[in-house]
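This report concerns only the one structure given below.
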Amino acid sequence: MLELPILLEKDLKRTLPAMYKARQVFEKVSLGNVEEVIRKEIYHEEIREKVKPQMKIAVGVGSRGITNIAVMVKTTIDCLKEMGADPFIVSAMGSHGGGEPEGQRRILSDYGITEEAMGVDVVTEVDVVVVGKTVSGSSVYFDRAAYNADMTIVINRIKPHTEFNGAIESGLCKMLVIGLGNQIGCSRAHEKRPSEMGKSIEESVKVILKNTNFGFGIGIVEDSFHNTAELKVIPSDKLLQEEPKLLMRAKELMAKLFFPEIDVLIIEQIGKNISGTGADPNVIGRVSAKKESSFVPQIQNIVILDLTEETHGAFTGLGLGDVTTKKVFNKLDFEKTYANEIAARSEKITSAIPIVMESEREAIIAAMVKCFDVENDQYKIVRIQDTMNLEEIMISEALLPFAKQSNKIELY
């Protein structure tokens, strides 16, 4: 039987386009000393009066990739102790870590959040209680350890969600509903279609605000360089009014690719610590809700070269690419990934397996071969580290004219 080569000999002999260093120019904002800001915010009268001596306070933590998260959590813990409270940390990450206690404890440890470092207990049990039903009849779940505390607070970054659009996307409300809902709460919340998620989360938050001990949230906004740009402590009665304002600011500061058309986008790494979808659809599109976003360029093919160490084999987002390598395939943890994908009812593309090539070079060539309407081998290629780090990039010669005319791109 005649075996056909994956790539034709003429393609294997291709010379890859020369790549040039470039810098994208984003607004840079730094809040300064986050410890001082947290202390000032927590000691504000409307927050301070909520904390009583000897109160058992659950501090919900669990979102990925937040700059200075360990410092923020430790400062919060210290402030609560100074007020006479008895805080402890509870994992608030839905189905991540396989939805299992040890998996979630390991993720928190990766963030520097351990019992030794924080000086308090870290509870990662995933038991829940039903705290009510939404107006549309859906049950709302809440972590049992947090529910049994005297008060619960959550700490999370506010940013555009990867799969839906709305006044409330990824942030404090989502952590309350999905993060503290653990695997069952995550699964129930994702029964809704992406177009309904924003409304569903808002309905569920209203139930939580009415029927639980939620006291306040610490909302974080980062700039394109992952600096803490804004940090606000929001009391429970103002949550639904204040979080949308921080989301708008996060969208203003969001990193993006300024090129309107890209033939091949090379992503060096994806992972759960980069984005809930491994690679942020707010940057690359590919999922339904983000395909027509004004922020996202038209991209013909995407090459994914590696998984981050911190993702521990979870490959959500690999299917957003068109080509990858055997190096990546050999790292895949199917059990961990599928537990999260099924619970979250993610679009099937996110955990799909793209074309797998032997090497990085062959993967890039395969992506080039799959492109349409490229004249004289003038491929528009962009190479990025990941979708969180978009300042320092590499671009092919075909993109140099655009870069030279743009006030958002600088060439070295």
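As shown in the structure tokens, the chain order sets the letters A, B, ...; within each chain, residues go from 1, and ligands are also counted from 1 in the order they appear.
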Inset, instruction - Using only C-alpha atoms, determine which residues lie at most 12 Å from Ser406 in chain A, disregarding the query and same-chain residues fewer than 2 positions distant; provide the list as a PyMOL selection string. - result: chain A and resi 22-25+258-260+399-404+408-411
Save out the residues we just selected, all heavy atoms, as a short mmCIF file (atom, residue, chain, number, x, y, z; two decimals), in the first residue's frame.
data_model
loop_
_atom_site.label_atom_id
_atom_site.label_comp_id
_atom_site.auth_asym_id
_atom_site.auth_seq_id
_atom_site.Cartn_x
_atom_site.Cartn_y
_atom_site.Cartn_z
N ALA A 22 9.06 43.11 17.15
CA ALA A 22 8.20 44.30 17.19
C ALA A 22 7.61 44.43 18.60
O ALA A 22 7.56 43.46 19.36
CB ALA A 22 7.09 44.20 16.15
N ARG A 23 7.20 45.64 18.90
CA ARG A 23 6.57 45.90 20.21
C ARG A 23 5.23 46.57 19.96
O ARG A 23 5.14 47.58 19.26
CB ARG A 23 7.45 46.81 21.07
CG ARG A 23 6.78 47.18 22.40
CD ARG A 23 7.57 48.20 23.20
NE ARG A 23 8.79 47.62 23.72
CZ ARG A 23 10.01 48.02 23.40
NH1 ARG A 23 10.16 49.01 22.52
NH2 ARG A 23 11.07 47.46 23.93
N GLN A 24 4.17 46.00 20.56
CA GLN A 24 2.86 46.63 20.51
C GLN A 24 2.76 47.60 21.69
O GLN A 24 3.21 47.32 22.80
CB GLN A 24 1.76 45.58 20.58
CG GLN A 24 1.76 44.62 19.39
CD GLN A 24 0.43 43.90 19.24
OE1 GLN A 24 -0.24 44.04 18.23
NE2 GLN A 24 0.04 43.14 20.24
N VAL A 25 2.14 48.73 21.44
CA VAL A 25 2.10 49.80 22.44
C VAL A 25 0.73 49.82 23.11
O VAL A 25 -0.30 50.07 22.48
CB VAL A 25 2.38 51.18 21.79
CG1 VAL A 25 2.33 52.28 22.84
CG2 VAL A 25 3.72 51.16 21.07
N PHE A 258 -2.96 44.12 17.01
CA PHE A 258 -3.41 45.27 16.22
C PHE A 258 -3.48 45.00 14.72
O PHE A 258 -3.93 45.86 13.96
CB PHE A 258 -2.50 46.47 16.49
CG PHE A 258 -2.65 47.04 17.88
CD1 PHE A 258 -1.59 47.02 18.77
CD2 PHE A 258 -3.86 47.58 18.30
CE1 PHE A 258 -1.72 47.54 20.05
CE2 PHE A 258 -4.01 48.09 19.57
CZ PHE A 258 -2.93 48.08 20.45
N PHE A 259 -3.02 43.84 14.27
CA PHE A 259 -3.05 43.53 12.84
C PHE A 259 -4.45 43.06 12.44
O PHE A 259 -4.99 42.14 13.05
CB PHE A 259 -2.03 42.44 12.51
CG PHE A 259 -0.63 42.79 12.92
CD1 PHE A 259 -0.12 42.39 14.14
CD2 PHE A 259 0.18 43.55 12.08
CE1 PHE A 259 1.17 42.73 14.53
CE2 PHE A 259 1.46 43.90 12.45
CZ PHE A 259 1.97 43.49 13.68
N PRO A 260 -5.05 43.65 11.41
CA PRO A 260 -6.41 43.25 11.03
C PRO A 260 -6.49 41.86 10.40
O PRO A 260 -7.50 41.18 10.50
CB PRO A 260 -6.83 44.33 10.03
CG PRO A 260 -5.55 44.88 9.50
CD PRO A 260 -4.57 44.79 10.62
N LEU A 399 4.28 41.89 7.04
CA LEU A 399 3.56 42.78 7.96
C LEU A 399 4.34 44.05 8.29
O LEU A 399 3.83 44.93 8.98
CB LEU A 399 3.23 42.03 9.25
CG LEU A 399 2.11 40.98 9.14
CD1 LEU A 399 2.02 40.15 10.41
CD2 LEU A 399 0.77 41.62 8.82
N LEU A 400 5.56 44.16 7.80
CA LEU A 400 6.37 45.33 8.11
C LEU A 400 5.74 46.64 7.62
O LEU A 400 5.75 47.64 8.36
CB LEU A 400 7.78 45.18 7.53
CG LEU A 400 8.66 44.10 8.18
CD1 LEU A 400 10.02 44.04 7.48
CD2 LEU A 400 8.83 44.36 9.67
N PRO A 401 5.18 46.70 6.40
CA PRO A 401 4.56 47.96 5.96
C PRO A 401 3.44 48.43 6.89
O PRO A 401 3.36 49.62 7.21
CB PRO A 401 4.02 47.62 4.57
CG PRO A 401 4.90 46.52 4.09
CD PRO A 401 5.19 45.70 5.31
N PHE A 402 2.60 47.49 7.34
CA PHE A 402 1.52 47.87 8.25
C PHE A 402 2.11 48.37 9.57
O PHE A 402 1.65 49.39 10.12
CB PHE A 402 0.60 46.68 8.51
CG PHE A 402 -0.52 46.98 9.47
CD1 PHE A 402 -1.71 47.53 9.02
CD2 PHE A 402 -0.38 46.75 10.83
CE1 PHE A 402 -2.74 47.82 9.92
CE2 PHE A 402 -1.39 47.04 11.73
CZ PHE A 402 -2.57 47.58 11.26
N ALA A 403 3.11 47.66 10.07
CA ALA A 403 3.71 48.04 11.35
C ALA A 403 4.32 49.43 11.29
O ALA A 403 4.21 50.22 12.23
CB ALA A 403 4.76 47.01 11.75
N LYS A 404 4.97 49.76 10.17
CA LYS A 404 5.63 51.05 10.03
C LYS A 404 4.63 52.21 9.99
O LYS A 404 4.95 53.34 10.36
CB LYS A 404 6.49 51.06 8.77
CG LYS A 404 7.73 50.17 8.88
CD LYS A 404 8.49 50.10 7.56
CE LYS A 404 9.71 49.19 7.68
NZ LYS A 404 10.43 49.05 6.39
N LYS A 408 0.65 52.12 16.90
CA LYS A 408 0.49 51.14 17.99
C LYS A 408 1.57 50.05 17.94
O LYS A 408 1.60 49.16 18.78
CB LYS A 408 -0.88 50.48 17.91
CG LYS A 408 -2.06 51.40 18.15
CD LYS A 408 -2.12 51.85 19.60
CE LYS A 408 -3.39 52.64 19.90
NZ LYS A 408 -3.45 53.05 21.31
N ILE A 409 2.46 50.11 16.94
CA ILE A 409 3.46 49.08 16.77
C ILE A 409 4.83 49.73 16.53
O ILE A 409 4.94 50.64 15.71
CB ILE A 409 3.13 48.14 15.59
CG1 ILE A 409 1.74 47.51 15.78
CG2 ILE A 409 4.20 47.04 15.44
CD1 ILE A 409 1.20 46.81 14.57
N GLU A 410 5.82 49.27 17.26
CA GLU A 410 7.19 49.79 17.08
C GLU A 410 8.09 48.65 16.63
O GLU A 410 7.99 47.53 17.14
CB GLU A 410 7.71 50.36 18.40
CG GLU A 410 6.91 51.54 18.93
CD GLU A 410 7.38 52.01 20.29
OE1 GLU A 410 8.19 51.27 20.92
OE2 GLU A 410 6.94 53.07 20.74
N LEU A 411 8.99 48.94 15.69
CA LEU A 411 9.95 47.96 15.20
C LEU A 411 11.30 48.19 15.87
O LEU A 411 11.69 49.33 16.13
CB LEU A 411 10.08 48.04 13.68
CG LEU A 411 8.81 47.69 12.88
CD1 LEU A 411 9.01 48.02 11.43
CD2 LEU A 411 8.46 46.22 13.06
#
Inset, instruction - Excluding Ser109 in chain A and any residue of its chain fewer than 4 positions from it, enumerate the residues within 12 Å of it, using only C-alpha atoms, and give them as a count of residues only. - result: 21
Inset, instruction - Could you give me, as a list in words, the residues within 7 Å of Ala352 in chain A, counting only C-alpha atoms and dropping anything in the same chain fewer than 2 positions from it? - result: Leu318, Gly319, Lys348, Ile349, Thr350 and Pro354 of chain A
Based on the selection just made, write C-alpha atoms of those residues as a tab-separated table (two decimals), in the first residue's frame.
chain	number	residue	atom	x	y	z
A	318	LEU	CA	-5.82	23.32	22.04
A	319	GLY	CA	-8.73	22.99	19.64
A	348	LYS	CA	-16.53	21.23	21.26
A	349	ILE	CA	-13.76	23.09	19.46
A	350	THR	CA	-11.92	24.05	22.65
A	354	PRO	CA	-5.79	19.76	15.89
Inset, instruction - Go through A:Ser236, A:Thr387, A:Ser288, A:Gln405 one by one, measure the shortest atom-to-atom distance of each to Lys272 in chain A using only C-alpha atoms, and give the residue with the smallest value. - result: A:Thr387
Produce a table with one row for each residue of range 121-190 of chain A that has an atom at most 12 Å from any atom of range 273-282 of chain A, each row naming the nearest atom pair and its distance in Å at one decimal; use only C-alpha atoms; arrange rows by chain and rising residue number; format as a tab-separated table.
residue	atom	partner	partner_atom	distance
A:Arg157	CA	A:Ser275	CA	12.0
A:Lys159	CA	A:Asn282	CA	10.1
A:Pro160	CA	A:Asn282	CA	7.4
A:His161	CA	A:Asn282	CA	7.8
A:Thr162	CA	A:Pro281	CA	5.5
A:Glu163	CA	A:Pro281	CA	7.4
A:Phe164	CA	A:Asn282	CA	9.9
A:Asn165	CA	A:Asn282	CA	10.3
A:Ser170	CA	A:Gly276	CA	10.0
Legend entry - 12 Å contact set for Lys326 in chain A, only C-alpha atoms, chain neighbours under 3 positions out, as an NGL selection string: :A and (304-307 or 323 or 329-332 or 353-360 or 362-363)
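Atom pair CA of Asn340 in chain A / CA of Ile184 in chain A has a distance of 11.1 Å (rounded to one decimal).
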Inset, instruction - Among the residues of range 41-263 of chain A, find those DSSP assigns to alpha helix (DSSP H) from the backbone and print them as a VMD selection string. - result: chain A and resid 41 to 42 45 to 48 69 to 82 101 to 110 115 to 118 144 to 147 172 to 174 182 to 189 194 to 211 239 to 253
Inset, instruction - Please identify all polymer residues within 6 Å of Met55 in chain A, counting only C-alpha atoms, omitting same-chain residues fewer than 4 positions from it, and present them as a PyMOL selection string. - result: chain A and resi 85-86+150
Legend entry - strand (DSSP E or B) call set, DSSP backbone run, range 40-174 of chain A, as a ChimeraX atom specification: /A:56-61,86-91,122-123,128-133,139-143,151-157,159,170
Using only C-alpha atoms, please write the residues we just selected to a file, as a compact mmCIF listing (two decimals), in the first residue's frame.
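Output contents, as saved in selection.txt:
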# COMPACT_ATOMS: atom_id res chain seq x y z
CA LYS A 56 -15.22 32.77 60.92
CA ILE A 57 -14.64 34.30 57.49
CA ALA A 58 -14.22 32.22 54.33
CA VAL A 59 -11.95 33.88 51.77
CA GLY A 60 -12.72 32.52 48.31
CA VAL A 61 -9.72 32.29 45.99
CA ASP A 86 -10.79 34.12 62.26
CA PRO A 87 -10.33 33.78 58.49
CA PHE A 88 -9.64 30.71 56.40
CA ILE A 89 -9.21 30.16 52.66
CA VAL A 90 -11.68 28.20 50.56
CA SER A 91 -11.09 27.15 46.96
CA VAL A 122 -6.91 26.14 53.30
CA VAL A 123 -10.14 24.23 52.69
CA VAL A 128 -22.19 22.28 48.35
CA VAL A 129 -25.59 23.34 49.63
CA VAL A 130 -28.53 24.55 47.58
CA VAL A 131 -29.24 28.14 48.62
CA GLY A 132 -32.31 28.77 46.46
CA LYS A 133 -33.65 28.92 42.94
CA SER A 139 -30.95 25.68 41.58
CA VAL A 140 -28.10 27.80 42.95
CA TYR A 141 -25.24 26.01 44.74
CA PHE A 142 -22.77 27.38 47.28
CA ASP A 143 -19.68 25.85 48.87
CA MET A 151 -19.14 35.58 56.37
CA THR A 152 -17.76 34.85 52.91
CA ILE A 153 -15.65 37.18 50.79
CA VAL A 154 -14.12 36.55 47.36
CA ILE A 155 -11.02 37.90 45.64
CA ASN A 156 -10.95 37.88 41.85
CA ARG A 157 -9.86 39.68 38.73
CA LYS A 159 -12.12 40.87 32.89
CA SER A 170 -15.68 37.12 34.48
What's the 10 Å shell around Arg193 in chain A, counting only C-alpha atoms, without same-chain residues fewer than 2 positions away, as a JSON list (two decimals) with N, CA and C atoms, in the first residue's frame?
[["chain", "number", "residue", "atom", "x", "y", "z"],
["A", 163, "GLU", "N", -16.19, 33.31, 26.66],
["A", 163, "GLU", "CA", -17.21, 32.65, 25.86],
["A", 163, "GLU", "C", -18.54, 33.39, 25.78],
["A", 164, "PHE", "N", -18.69, 34.50, 26.51],
["A", 164, "PHE", "CA", -19.95, 35.23, 26.39],
["A", 164, "PHE", "C", -19.71, 36.71, 26.64],
["A", 189, "ALA", "N", -24.54, 25.88, 35.98],
["A", 189, "ALA", "CA", -24.48, 27.22, 35.39],
["A", 189, "ALA", "C", -24.22, 27.15, 33.90],
["A", 190, "HIS", "N", -23.42, 26.16, 33.48],
["A", 190, "HIS", "CA", -23.08, 26.06, 32.07],
["A", 190, "HIS", "C", -24.11, 25.28, 31.26],
["A", 191, "GLU", "N", -25.24, 24.94, 31.90],
["A", 191, "GLU", "CA", -26.34, 24.38, 31.12],
["A", 191, "GLU", "C", -26.93, 25.44, 30.20],
["A", 195, "SER", "N", -24.98, 32.67, 25.12],
["A", 195, "SER", "CA", -25.73, 33.92, 24.96],
["A", 195, "SER", "C", -26.61, 34.22, 26.18],
["A", 196, "GLU", "N", -26.87, 33.21, 27.01],
["A", 196, "GLU", "CA", -27.73, 33.39, 28.18],
["A", 196, "GLU", "C", -26.94, 33.46, 29.48],
["A", 197, "MET", "N", -25.63, 33.26, 29.40],
["A", 197, "MET", "CA", -24.83, 33.13, 30.61],
["A", 197, "MET", "C", -24.81, 34.39, 31.47],
["A", 198, "GLY", "N", -24.67, 35.55, 30.83],
["A", 198, "GLY", "CA", -24.63, 36.79, 31.60],
["A", 198, "GLY", "C", -25.88, 36.97, 32.45],
["A", 200, "SER", "N", -27.99, 34.60, 33.33],
["A", 200, "SER", "CA", -28.07, 33.50, 34.29],
["A", 200, "SER", "C", -27.22, 33.78, 35.53],
["A", 345, "ARG", "N", -19.53, 22.61, 29.83],
["A", 345, "ARG", "CA", -20.25, 22.55, 28.56],
["A", 345, "ARG", "C", -19.60, 23.45, 27.51],
["A", 346, "SER", "N", -18.30, 23.37, 27.45],
["A", 346, "SER", "CA", -17.55, 24.21, 26.52],
["A", 346, "SER", "C", -17.87, 23.83, 25.08],
["A", 347, "GLU", "N", -17.68, 24.77, 24.18],
["A", 347, "GLU", "CA", -17.84, 24.45, 22.77],
["A", 347, "GLU", "C", -16.88, 23.32, 22.41]]
